[in-house]
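Trainee: You'll find data_9.cif just under this line, and it carries mmCIF, C-alpha atoms and all ligand atoms.
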```cif
data_run
#
loop_
_atom_site.label_atom_id
_atom_site.label_comp_id
_atom_site.auth_asym_id
_atom_site.auth_seq_id
_atom_site.Cartn_x
_atom_site.Cartn_y
_atom_site.Cartn_z
CA MET O 1 -83.52 -117.32 -104.39
CA SER O 2 -86.11 -114.52 -104.08
CA SER O 3 -85.95 -111.54 -106.41
CA GLU O 4 -85.04 -109.29 -103.45
CA ALA O 5 -82.19 -111.60 -102.39
CA LYS O 6 -80.92 -111.68 -105.97
CA ARG O 7 -81.06 -107.89 -106.09
CA ILE O 8 -79.06 -107.53 -102.89
CA LYS O 9 -76.48 -110.02 -104.17
CA VAL O 10 -76.12 -108.05 -107.40
CA ILE O 11 -75.80 -104.74 -105.52
CA ALA O 12 -73.03 -106.27 -103.40
CA SER O 13 -71.06 -107.03 -106.58
CA GLY O 14 -70.22 -103.30 -106.91
CA ASP O 15 -70.06 -100.90 -109.82
CA ARG O 16 -67.20 -101.28 -112.29
CA THR O 17 -67.25 -99.62 -115.67
CA ILE O 18 -64.28 -101.72 -116.84
CA LEU O 19 -65.57 -105.24 -117.06
CA PRO O 20 -63.77 -107.67 -114.78
CA LYS O 21 -62.67 -110.91 -116.47
CA GLY O 22 -65.63 -113.22 -116.94
CA ALA O 23 -68.28 -110.51 -116.49
CA LYS O 24 -71.06 -110.84 -119.02
CA MET O 25 -73.52 -108.71 -120.94
CA ILE O 26 -77.07 -109.03 -119.66
CA PRO O 27 -80.46 -107.97 -121.08
CA VAL O 28 -82.00 -104.85 -119.48
CA TYR O 29 -85.08 -102.95 -120.67
CA ILE O 30 -84.85 -99.14 -120.79
CA MET O 31 -87.93 -97.20 -121.86
CA GLY O 32 -89.35 -100.54 -122.95
CA LYS O 33 -86.45 -101.34 -125.28
CA LYS O 34 -84.06 -104.25 -124.74
CA TYR O 35 -80.30 -103.58 -124.45
CA MET O 36 -77.37 -105.91 -123.74
CA LEU O 37 -75.34 -104.20 -120.99
CA PRO O 38 -72.30 -105.01 -118.82
CA GLU O 39 -73.61 -106.64 -115.65
CA THR O 40 -71.36 -104.59 -113.35
CA LEU O 41 -72.83 -101.17 -114.18
CA THR O 42 -75.12 -99.15 -111.97
CA VAL O 43 -78.52 -98.32 -113.41
CA GLN O 44 -77.30 -94.77 -114.07
CA LYS O 45 -74.20 -95.88 -115.98
CA ALA O 46 -76.11 -98.61 -117.79
CA ILE O 47 -78.59 -96.06 -119.13
CA GLU O 48 -75.73 -93.90 -120.37
CA TYR O 49 -73.96 -96.96 -121.79
CA ALA O 50 -77.13 -97.65 -123.79
CA GLY O 51 -76.79 -94.20 -125.38
CA TYR O 52 -79.10 -92.01 -123.31
CA GLN O 53 -78.03 -88.69 -121.83
CA PHE O 54 -79.43 -87.45 -118.53
CA ILE O 55 -80.79 -83.93 -118.47
CA ARG O 56 -82.83 -84.63 -115.28
CA ALA O 57 -82.74 -87.33 -112.61
CA CYS O 58 -78.97 -87.26 -112.23
CA GLY O 59 -76.79 -85.23 -109.91
CA CYS O 60 -74.00 -86.21 -107.54
CA ARG O 61 -73.62 -89.83 -108.76
CA GLY O 62 -72.65 -90.70 -105.22
CA GLY O 63 -75.92 -91.39 -103.36
CA ILE O 64 -76.07 -87.97 -101.71
CA CYS O 65 -78.25 -85.60 -103.77
CA GLY O 66 -81.39 -87.75 -104.13
CA ALA O 67 -81.91 -86.75 -107.77
CA CYS O 68 -81.98 -90.24 -109.29
CA PRO O 69 -84.92 -92.29 -107.98
CA THR O 70 -85.58 -95.23 -110.25
CA VAL O 71 -88.37 -97.80 -110.44
CA TRP O 72 -87.98 -101.29 -111.83
CA ARG O 73 -89.53 -104.67 -112.18
CA VAL O 74 -87.84 -107.88 -113.22
CA LEU O 75 -89.49 -109.84 -116.04
CA GLY O 76 -91.60 -112.67 -114.65
CA ASP O 77 -92.03 -110.96 -111.27
CA TYR O 78 -94.96 -108.69 -110.40
CA GLN O 79 -93.15 -106.67 -107.74
CA LEU O 80 -92.08 -103.05 -108.23
CA HIS O 81 -88.71 -102.09 -106.76
CA PHE O 82 -87.44 -98.60 -105.97
CA GLY O 83 -83.89 -97.36 -105.46
CA LEU O 84 -81.28 -94.79 -106.41
CA ALA O 85 -80.03 -95.24 -109.97
CA CYS O 86 -76.47 -94.31 -109.00
CA GLN O 87 -76.36 -96.87 -106.18
CA THR O 88 -78.16 -99.85 -107.71
CA VAL O 89 -76.36 -102.33 -109.94
CA ILE O 90 -78.37 -103.70 -112.87
CA GLU O 91 -79.62 -107.25 -112.95
CA GLU O 92 -80.80 -109.52 -115.72
CA ASN O 93 -84.18 -108.65 -117.27
CA MET O 94 -84.65 -105.46 -115.27
CA VAL O 95 -87.37 -103.21 -116.73
CA LEU O 96 -86.36 -99.67 -115.81
CA ALA O 97 -88.13 -96.32 -115.53
CA GLN O 98 -86.63 -93.09 -114.20
CA LEU O 99 -88.50 -90.52 -112.08
CA PRO O 100 -87.51 -86.97 -113.07
CA PHE O 101 -88.96 -85.82 -109.74
CA PHE O 102 -91.56 -87.10 -107.30
CA PRO O 103 -94.81 -85.08 -107.53
CA ALA O 104 -95.52 -84.93 -103.79
CA ASN O 105 -97.64 -82.33 -102.05
CA LYS O 106 -95.44 -79.44 -100.94
CA ALA O 107 -96.79 -76.79 -98.60
CA VAL O 108 -95.91 -73.16 -99.24
CA TYR O 109 -95.04 -71.15 -96.12
CA ASP O 110 -92.89 -68.32 -94.85
CA ILE O 111 -90.80 -69.69 -92.00
CA GLU O 112 -90.64 -66.20 -90.46
CA GLU O 113 -94.42 -66.22 -90.05
CA LEU O 114 -94.78 -69.70 -88.56
CA SER O 115 -94.88 -70.28 -84.85
CA GLY O 116 -92.26 -72.76 -83.63
CA ASP O 117 -95.09 -74.86 -82.22
CA GLY O 118 -95.33 -78.52 -83.34
CA SER O 119 -98.99 -78.06 -84.31
CA VAL O 120 -97.75 -76.28 -87.46
CA ILE O 121 -96.84 -79.69 -88.92
CA ALA O 122 -100.39 -81.06 -88.92
CA ALA O 123 -101.74 -77.70 -90.10
CA LEU O 124 -99.50 -77.72 -93.20
CA TYR O 125 -99.39 -81.49 -93.76
CA PRO O 126 -102.63 -82.92 -92.28
CA GLU O 127 -102.00 -86.23 -94.08
CA VAL O 128 -99.35 -87.18 -91.48
CA MET O 129 -102.26 -88.12 -89.23
CA LYS O 130 -103.26 -90.85 -91.67
CA CYS O 131 -100.13 -92.95 -91.06
CA VAL O 132 -101.15 -96.58 -90.53
CA GLY O 133 -97.81 -97.66 -89.08
CA CYS O 134 -96.95 -100.11 -91.87
CA ASN O 135 -93.23 -99.13 -91.90
CA THR O 136 -93.07 -99.39 -95.71
CA CYS O 137 -91.44 -95.96 -95.83
CA THR O 138 -88.56 -97.11 -93.63
CA ARG O 139 -87.96 -100.18 -95.77
CA ALA O 140 -87.93 -98.00 -98.93
CA CYS O 141 -85.31 -95.55 -97.67
CA PRO O 142 -81.85 -95.86 -99.27
CA MET O 143 -80.33 -93.85 -96.41
CA GLU O 144 -81.59 -96.36 -93.82
CA ILE O 145 -83.47 -93.63 -91.96
CA ASP O 146 -86.21 -94.68 -89.58
CA VAL O 147 -88.78 -92.81 -91.65
CA MET O 148 -91.83 -94.08 -89.76
CA GLU O 149 -90.22 -92.89 -86.52
CA TYR O 150 -89.83 -89.31 -87.77
CA ILE O 151 -93.38 -89.31 -89.14
CA ASN O 152 -94.60 -90.54 -85.74
CA ALA O 153 -92.64 -87.72 -84.08
CA ALA O 154 -94.21 -85.26 -86.54
CA MET O 155 -97.68 -86.59 -85.64
CA ARG O 156 -96.93 -85.88 -81.98
CA GLY O 157 -95.67 -82.40 -82.88
CA ASP O 158 -92.19 -83.35 -81.68
CA VAL O 159 -90.23 -81.09 -84.04
CA ALA O 160 -86.82 -81.76 -82.45
CA ARG O 161 -87.13 -85.56 -82.71
CA ALA O 162 -88.42 -85.44 -86.31
CA ALA O 163 -85.58 -83.07 -87.27
CA ARG O 164 -82.89 -85.24 -85.69
CA VAL O 165 -84.15 -88.58 -87.02
CA SER O 166 -84.55 -87.21 -90.57
CA PHE O 167 -81.20 -85.41 -90.61
CA ASP O 168 -79.66 -87.63 -93.34
CA CYS O 169 -82.67 -87.39 -95.71
CA ILE O 170 -81.58 -86.73 -99.30
CA GLN O 171 -85.12 -85.84 -100.50
CA CYS O 172 -85.27 -88.65 -103.06
CA GLY O 173 -88.99 -89.28 -102.51
CA LEU O 174 -88.74 -93.09 -102.53
CA CYS O 175 -90.57 -93.32 -99.19
CA SER O 176 -93.46 -91.26 -100.56
CA ALA O 177 -93.70 -93.52 -103.61
CA ARG O 178 -94.66 -96.42 -101.30
CA CYS O 179 -96.82 -94.78 -98.62
CA PRO O 180 -100.47 -95.93 -98.52
CA ALA O 181 -101.33 -92.71 -96.63
CA GLN O 182 -99.90 -90.51 -99.42
CA ILE O 183 -97.60 -88.69 -97.01
CA ALA O 184 -94.84 -86.46 -98.44
CA HIS O 185 -92.36 -87.57 -95.79
CA TYR O 186 -89.36 -85.61 -96.99
CA HIS O 187 -91.24 -82.31 -97.17
CA VAL O 188 -92.60 -82.90 -93.66
CA ALA O 189 -89.05 -83.66 -92.50
CA GLN O 190 -87.67 -80.54 -94.14
CA LEU O 191 -90.32 -78.41 -92.42
CA CYS O 192 -89.32 -79.97 -89.07
CA ARG O 193 -85.62 -79.28 -89.62
CA ARG O 194 -86.39 -75.69 -90.61
CA LEU O 195 -88.58 -75.19 -87.53
CA TYR O 196 -85.94 -76.78 -85.32
CA GLY O 197 -83.15 -74.70 -86.85
CA LYS O 198 -85.10 -71.49 -86.38
CA TYR O 199 -86.88 -72.01 -83.06
CA GLY O 200 -85.31 -75.04 -81.36
CA LEU O 201 -81.57 -74.48 -81.57
CA ARG O 202 -79.59 -71.85 -79.75
CA GLN O 203 -78.35 -69.32 -82.28
CA ALA O 204 -74.58 -69.26 -82.78
CA GLU O 205 -73.26 -65.87 -81.60
CA HIS O 206 -70.20 -65.92 -83.85
CA LEU O 207 -72.41 -66.56 -86.89
CA ALA O 208 -74.71 -63.62 -86.07
CA ARG O 209 -71.61 -61.43 -85.66
CA ARG O 210 -70.21 -62.50 -89.03
CA VAL O 211 -73.56 -61.92 -90.81
CA GLU O 212 -73.63 -58.44 -89.34
CA GLN O 213 -70.11 -57.78 -90.66
CA ILE O 214 -71.06 -59.00 -94.13
CA GLN O 215 -74.20 -56.88 -94.18
CA SER O 216 -72.27 -53.80 -93.05
CA GLY O 217 -70.17 -54.06 -96.24
CA ARG O 218 -66.92 -55.01 -94.52
CA TYR O 219 -65.94 -57.48 -97.26
CA ASP O 220 -67.34 -55.68 -100.31
CA GLN O 221 -64.10 -54.11 -101.46
CA MET O 222 -62.16 -57.36 -101.07
CA MET O 223 -64.84 -59.31 -102.97
CA ASP O 224 -64.87 -56.75 -105.80
CA GLU O 225 -61.11 -56.99 -106.09
CA VAL O 226 -61.15 -60.81 -106.17
CA ALA O 227 -63.97 -60.87 -108.71
CA LYS O 228 -61.87 -58.81 -111.12
CA LEU O 229 -58.75 -61.01 -110.92
CA PRO O 230 -57.77 -63.06 -113.98
CA GLU O 231 -58.04 -66.83 -113.58
CA ASP O 232 -54.29 -67.54 -113.35
CA GLU O 233 -53.86 -64.95 -110.57
CA LEU O 234 -56.80 -66.50 -108.72
CA ARG O 235 -55.19 -69.93 -109.02
CA LYS O 236 -51.85 -68.55 -107.79
CA ARG O 237 -53.48 -67.00 -104.74
CA TYR O 238 -55.43 -70.14 -104.02
CA VAL O 239 -52.26 -72.26 -104.03
CA ALA O 240 -50.34 -69.70 -101.94
CA ARG O 241 -53.09 -69.31 -99.31
CA GLU O 242 -52.50 -70.33 -95.73
CA PRO O 243 -54.67 -73.43 -95.36
CA GLU O 244 -56.58 -74.21 -92.20
CA PRO O 245 -55.02 -77.26 -90.46
CA LEU O 246 -57.06 -80.41 -89.94
CA ASP O 247 -56.99 -79.83 -86.21
CA SER O 248 -57.97 -76.16 -86.26
CA LYS O 249 -58.82 -75.76 -82.57
CA GLY O 250 -57.41 -72.41 -81.47
CA TRP O 251 -55.92 -71.77 -84.93
CA GLU O 252 -55.95 -68.31 -86.49
CA PRO O 253 -54.48 -67.23 -89.85
CA LYS O 254 -51.39 -65.01 -89.84
CA ASP O 255 -53.21 -62.38 -91.89
CA LYS O 256 -56.07 -61.23 -89.65
CA THR O 257 -57.21 -58.30 -91.82
CA TYR O 258 -60.68 -59.75 -92.31
CA LEU O 259 -61.22 -61.56 -89.04
S1 LIG O 301 -95.45 -95.82 -95.37
FE1 LIG O 301 -96.85 -94.15 -94.81
S2 LIG O 301 -98.47 -95.17 -93.64
FE2 LIG O 301 -96.75 -96.63 -93.72
S3 LIG O 301 -95.58 -96.16 -91.81
FE3 LIG O 301 -94.70 -94.92 -93.45
S4 LIG O 301 -95.75 -92.95 -93.23
FE4 LIG O 301 -96.99 -94.45 -92.15
S1 LIG O 302 -86.61 -90.33 -95.93
FE1 LIG O 302 -87.58 -90.64 -97.95
S2 LIG O 302 -86.90 -88.92 -99.19
FE2 LIG O 302 -85.53 -89.05 -97.40
S3 LIG O 302 -83.82 -90.31 -98.07
FE3 LIG O 302 -85.27 -91.70 -97.13
S4 LIG O 302 -86.58 -92.42 -98.82
FE4 LIG O 302 -85.46 -90.62 -99.57
S1 LIG O 303 -77.23 -88.95 -108.59
FE1 LIG O 303 -77.23 -88.08 -106.57
S2 LIG O 303 -78.14 -89.66 -105.37
FE2 LIG O 303 -77.93 -90.58 -107.33
#
```
So that I can check it, write out the structure of this file as structure tokens.

Mentor:
Amino acid sequence: MSSEAKRIKVIASGDRTILPKGAKMIPVYIMGKKYMLPETLTVQKAIEYAGYQFIRACGCRGGICGACPTVWRVLGDYQLHFGLACQTVIEENMVLAQLPFFPANKAVYDIEELSGDGSVIAALYPEVMKCVGCNTCTRACPMEIDVMEYINAAMRGDVARAARVSFDCIQCGLCSARCPAQIAHYHVAQLCRRLYGKYGLRQAEHLARRVEQIQSGRYDQMMDEVAKLPEDELRKRYVAREPEPLDSKGWEPKDKTYL
């Protein structure tokens, strides 16, 4: 069985902190030191089980925030693997290293001063034009995003397509760790979503109205009052509030003071 197939099989075994009957302790190398760890743990939990405490490279623990990229090799194999520490289950003889962040090129810009034109992408991130179409970025993505497709859209200046295809990006940087063209995919994608949000989408009228109300000070007094409440009164009010129903179409609260 190839190392990749073994890895997928191990990932499919799930993450259980309480060892199921028959589960064993396996050797894993963290910061170059060997530990015997329960085989059902994720990389993140295994590192904590070994006694380390995360102060970086850990966030949601649920595969959503992108804070936990990890790199590993398995003893006897030359290949480097990349994945999210909170979503990858350890395997025997894994040699682990954590990335506190990925040091990719990040353009500085003021979105208010950019034109909505797609040529902005190549001006801020000229390296997108160096894509060689190898698709390594797509294969590296834990969110199964077609990364090469959104980079190709960015090359064409197609802001809307790049924004839509990259919508689920969690900014983990794993695609950039593999790219032979040194592209900072996730920063390019974020620029496209910002451009699309500002210049491509129709602005929501109700949102503009509400922002205006907030800026006019309509809620200031209410916010001041709430901020001064003791915790138990806040809890009481929270429990007593009129919750929005799941199907809220056409619903309005009984108290319309702040609508
Ligand atoms: S890894 Fe880099 S060069 Fe390869 S397809 Fe993705 S963006 Fe292009
Ligand atoms: S596109 Fe890149 S940064 Fe975004 S989730 Fe996929 S691998 Fe992570
Ligand atoms: S801790 Fe958030 S994605 Fe892993």

Trainee: If we count all atoms listed in the file, what is near Tyr258 in chain O at a cut-off of 9 Å, once residues fewer than 3 positions away on the same chain are taken out, given as an MDAnalysis selection string?

Mentor: chainID O and resid 218:219 255

Trainee: May I have the residues within 12 Å of Arg241 in chain O as an MDAnalysis selection string, using only C-alpha atoms and disregarding those fewer than 4 positions away in the same chain?

Mentor: chainID O and resid 234:237 253:255

Trainee: Kindly save the residues from that selection, with C-alpha atoms included, as a PDB file, in the coordinates of the input.

Mentor:
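Output file again_32.pdb is given in full below:
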```
ATOM      1  CA  LEU O 234     -56.800 -66.500-108.720  1.00  0.00           C
ATOM      2  CA  ARG O 235     -55.190 -69.930-109.020  1.00  0.00           C
ATOM      3  CA  LYS O 236     -51.850 -68.550-107.790  1.00  0.00           C
ATOM      4  CA  ARG O 237     -53.480 -67.000-104.740  1.00  0.00           C
ATOM      5  CA  PRO O 253     -54.480 -67.230 -89.850  1.00  0.00           C
ATOM      6  CA  LYS O 254     -51.390 -65.010 -89.840  1.00  0.00           C
ATOM      7  CA  ASP O 255     -53.210 -62.380 -91.890  1.00  0.00           C
TER       8      ASP O 255
END
```

Trainee: Just checking: using all atoms listed in the file, which residue out of O:Ile170, O:Met94, O:Val108, O:Val28 ends up closest to ligand LIG 303 (chain O)?

Mentor: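 Checking each of O:Ile170, O:Met94, O:Val108, O:Val28 against ligand LIG 303 (chain O), counting all atoms listed in the file, the winner is O:Ile170.
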
Trainee: Interatomic distance between CA of Ala57 in chain O and CA of Ala163 in chain O?

Mentor: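 Between CA of Ala57 in chain O and CA of Ala163 in chain O the gap is 25.9 Å.
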
Trainee: Between O:Arg194, O:Lys24, O:Lys33, O:Arg56, single out the one closest to ligand LIG 303 (chain O), counting all atoms listed in the file.

Mentor: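 Nearest to ligand LIG 303 (chain O): O:Arg56.
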
Trainee: Tell me which protein, DNA and RNA residues are within 10 Å of Ala97 in chain O, counting only C-alpha atoms, leaving out same-chain ones fewer than 2 positions away, and put them as a PDB file with C-alpha atoms, in the frame of the given file.

Mentor:
```pdb
ATOM      1  CA  TYR O  29     -85.080-102.950-120.670  1.00  0.00           C
ATOM      2  CA  ILE O  30     -84.850 -99.140-120.790  1.00  0.00           C
ATOM      3  CA  MET O  31     -87.930 -97.200-121.860  1.00  0.00           C
ATOM      4  CA  GLY O  32     -89.350-100.540-122.950  1.00  0.00           C
ATOM      5  CA  PRO O  69     -84.920 -92.290-107.980  1.00  0.00           C
ATOM      6  CA  THR O  70     -85.580 -95.230-110.250  1.00  0.00           C
ATOM      7  CA  VAL O  71     -88.370 -97.800-110.440  1.00  0.00           C
ATOM      8  CA  TRP O  72     -87.980-101.290-111.830  1.00  0.00           C
ATOM      9  CA  ARG O  73     -89.530-104.670-112.180  1.00  0.00           C
ATOM     10  CA  PHE O  82     -87.440 -98.600-105.970  1.00  0.00           C
ATOM     11  CA  ALA O  85     -80.030 -95.240-109.970  1.00  0.00           C
ATOM     12  CA  MET O  94     -84.650-105.460-115.270  1.00  0.00           C
ATOM     13  CA  VAL O  95     -87.370-103.210-116.730  1.00  0.00           C
ATOM     14  CA  LEU O  99     -88.500 -90.520-112.080  1.00  0.00           C
ATOM     15  CA  PRO O 100     -87.510 -86.970-113.070  1.00  0.00           C
TER      16      PRO O 100
END
```

Trainee: Please identify all protein, DNA and RNA residues within 8 Å of ligand LIG 301 (chain O), counting all atoms listed in the file, and report them as a PyMOL selection string.

Mentor: chain O and resi 128+130-138+147-148+151-152+175-176+178-183+185

Trainee: List as number ranges by chain the protein and nucleic acid residues lying within 8 Å of ligand LIG 303 (chain O), with only C-alpha atoms and all ligand atoms counted.

Mentor: O: 44, 57-69, 84-87, 170, 172

Trainee: Please extract the residues at most 6 Å from ligand LIG 302 (chain O), counting all atoms listed in the file, and provide them as a CSV table (one decimal) with C-alpha atoms, in the frame of the given file, using the chain letters and residue numbers of this document.

Mentor:
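Result saved to result06.csv:
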```csv
chain,number,residue,atom,x,y,z
O,140,ALA,CA,-87.9,-98.0,-98.9
O,141,CYS,CA,-85.3,-95.6,-97.7
O,142,PRO,CA,-81.8,-95.9,-99.3
O,143,MET,CA,-80.3,-93.8,-96.4
O,145,ILE,CA,-83.5,-93.6,-92.0
O,147,VAL,CA,-88.8,-92.8,-91.6
O,169,CYS,CA,-82.7,-87.4,-95.7
O,170,ILE,CA,-81.6,-86.7,-99.3
O,171,GLN,CA,-85.1,-85.8,-100.5
O,172,CYS,CA,-85.3,-88.6,-103.1
O,173,GLY,CA,-89.0,-89.3,-102.5
O,174,LEU,CA,-88.7,-93.1,-102.5
O,175,CYS,CA,-90.6,-93.3,-99.2
O,186,TYR,CA,-89.4,-85.6,-97.0
```

Trainee: Distance CA of Arg202 in chain O-CA of Arg156 in chain O, one decimal place?

Mentor: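 That distance, rounded to one decimal, is 22.4 Å.
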
Trainee: Measuring atom to atom with all atoms listed in the file, identify which of O:Pro243, O:Gly250, O:Gly76, O:Gly83 is nearest to Arg139 in chain O.

Mentor: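 Of O:Pro243, O:Gly250, O:Gly76, O:Gly83, the one nearest Arg139 in chain O, counting all atoms listed in the file, is O:Gly83.
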
Trainee: List every protein, DNA or RNA residue that has an atom no more than 6 Å from (-76.3, -104.1, -113.7) in the file's coordinate frame, counting all atoms listed in the file, and report them as an MDAnalysis selection string.

Mentor: chainID O and resid 39:42 89:91

Trainee: For a quick check of understanding, using all atoms listed in the file, which of O:Ala50, O:Ala177, O:Leu114, O:Leu80 has the smallest distance to Phe102 in chain O?

Mentor: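 Counting all atoms listed in the file, the residue closest to Phe102 in chain O is O:Ala177.
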
Trainee: Compute the distance from (-79.5, -108.3, -119.8) to each atom, counting all atoms listed in the file, keep the residues with any atom at most 6 Å away, and return them as a list in words; use the coordinates of the file.

Mentor: Ile26, Pro27, Val28, Met36, Leu37, Glu92 and Asn93 of chain O

Trainee: With distances taken over all atoms listed in the file, which residue among O:Ala104, O:Val159, O:Val120, O:Val43 lies nearest Leu201 in chain O?

Mentor: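 Under the stated criterion, the closest residue is O:Val159.
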
Trainee: Report, in Å to a single decimal, how far apart CA of Leu195 in chain O and CA of Ala162 in chain O are.

Mentor: 10.3 Å

Trainee: With distances taken over only C-alpha atoms, which of O:Cys192, O:Ala46, O:Ala240, O:Met222 is nearest to Asp117 in chain O?

Mentor: O:Cys192
